[in-house]
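Notes follow the structure.
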Amino acid sequence: MLSTALLRLLRYTLYLTAIFLALLEFIVDAVALAALNQRINGFRIDFSAHKGAAGYTMFVTLATLLFLPVVTFANILANRGFGAAAKLNRIGHELAVAGLFTALWFIAGVVMAVYAGEGDCFGFSVCKKFKAATAFAWFPFFVFALQTGVLVLILQRIRGSGGTLQTPAHQIDDEAQAAAPPQHVEQPFERAHKAEESYYNSNPEVAMPAGPA
């Protein structure tokens, strides 16, 4: 079983990795879009379908770059009074966001792969750039899929300790400690001493023997 500290580390690491990969996809997708807008041997070729695929991927990329940092640092932003971050600072909302971006990036990868696999992609340069954008589109999908699994484990850990979908994901340590407070193990001597005190308290006519000097 993964430890609580490892789950928290994975959560932040995967978010930061997804942001970095989205930034790389933004660069290669922008290069591919620029190549699709160029003339090939002096002719303007209709790349509308390819542009549509690359344009959708660019939309998902920008949404990731704008939205994911807010989710990643929701606790810090909420403490500074950022209202939207306070609403996202919940494990249920966070899990929904991760699942949504997993689906969006999967669609982006599939759509890009459909057109990248065509036999004629109108010149080696354009083909190479479009296929690079297609390859990079799959990396965020795998990261978000893994992040969704990590958040499910965090949710199970939180619910097992009495938390709900409204519990912030970063409070997993606090919830676990609250659910399992330290227990005092009573020793046999302590039990015998308490039983003896109870007997003499209920029988005041019997004097309790004095302890050793």
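By convention here, the chains of the structure tokens are called A, B, ... in the order presented, each chain's residues are numbered starting at 1, and ligands are numbered starting at 1 in the order presented.
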
Next item on the list: Could you give me, as a list of chain:residue names, the residues within 10 Å of Val70 of chain A, counting only C-alpha atoms and dropping anything in the same chain fewer than 3 positions from it?
Entry: A:Thr64, A:Leu65, A:Leu66, A:Phe67, A:Phe73, A:Ala74, A:Asn75, A:Ile76, A:Leu77, A:Ala78, A:Phe82, A:Ala84, A:Ala85, A:Ala86, A:Leu88, A:Asn89

Next item on the list: Pick out the residues sitting within 10 Å of Val60 of chain A, and hand them over as a PyMOL selection string; count only C-alpha atoms, and ignore anything fewer than 4 positions along from it in its own chain.
Entry: chain A and resi 22+25-26+54-56+64-66+101+104-105+107-108+137

Note to self: With DSSP run on the backbone, what are the alpha helix (DSSP H) residues within segment 2-66 of chain A? I'd like them as a VMD selection string.
What the structure shows: chain A and resid 4 to 36 48 to 66

Checklist line | Spatial neighbours of Ile19 of chain A, 9 Å, only C-alpha atoms, chain gap at least 4 places, as a PyMOL selection string | finding: chain A and resi 14-15+23-24+64-65+68-69+140

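Using only C-alpha atoms, the smallest distance between any of A:Val31, A:Val150, A:Val111, A:Leu100 and Gly52 of chain A comes from A:Val111.
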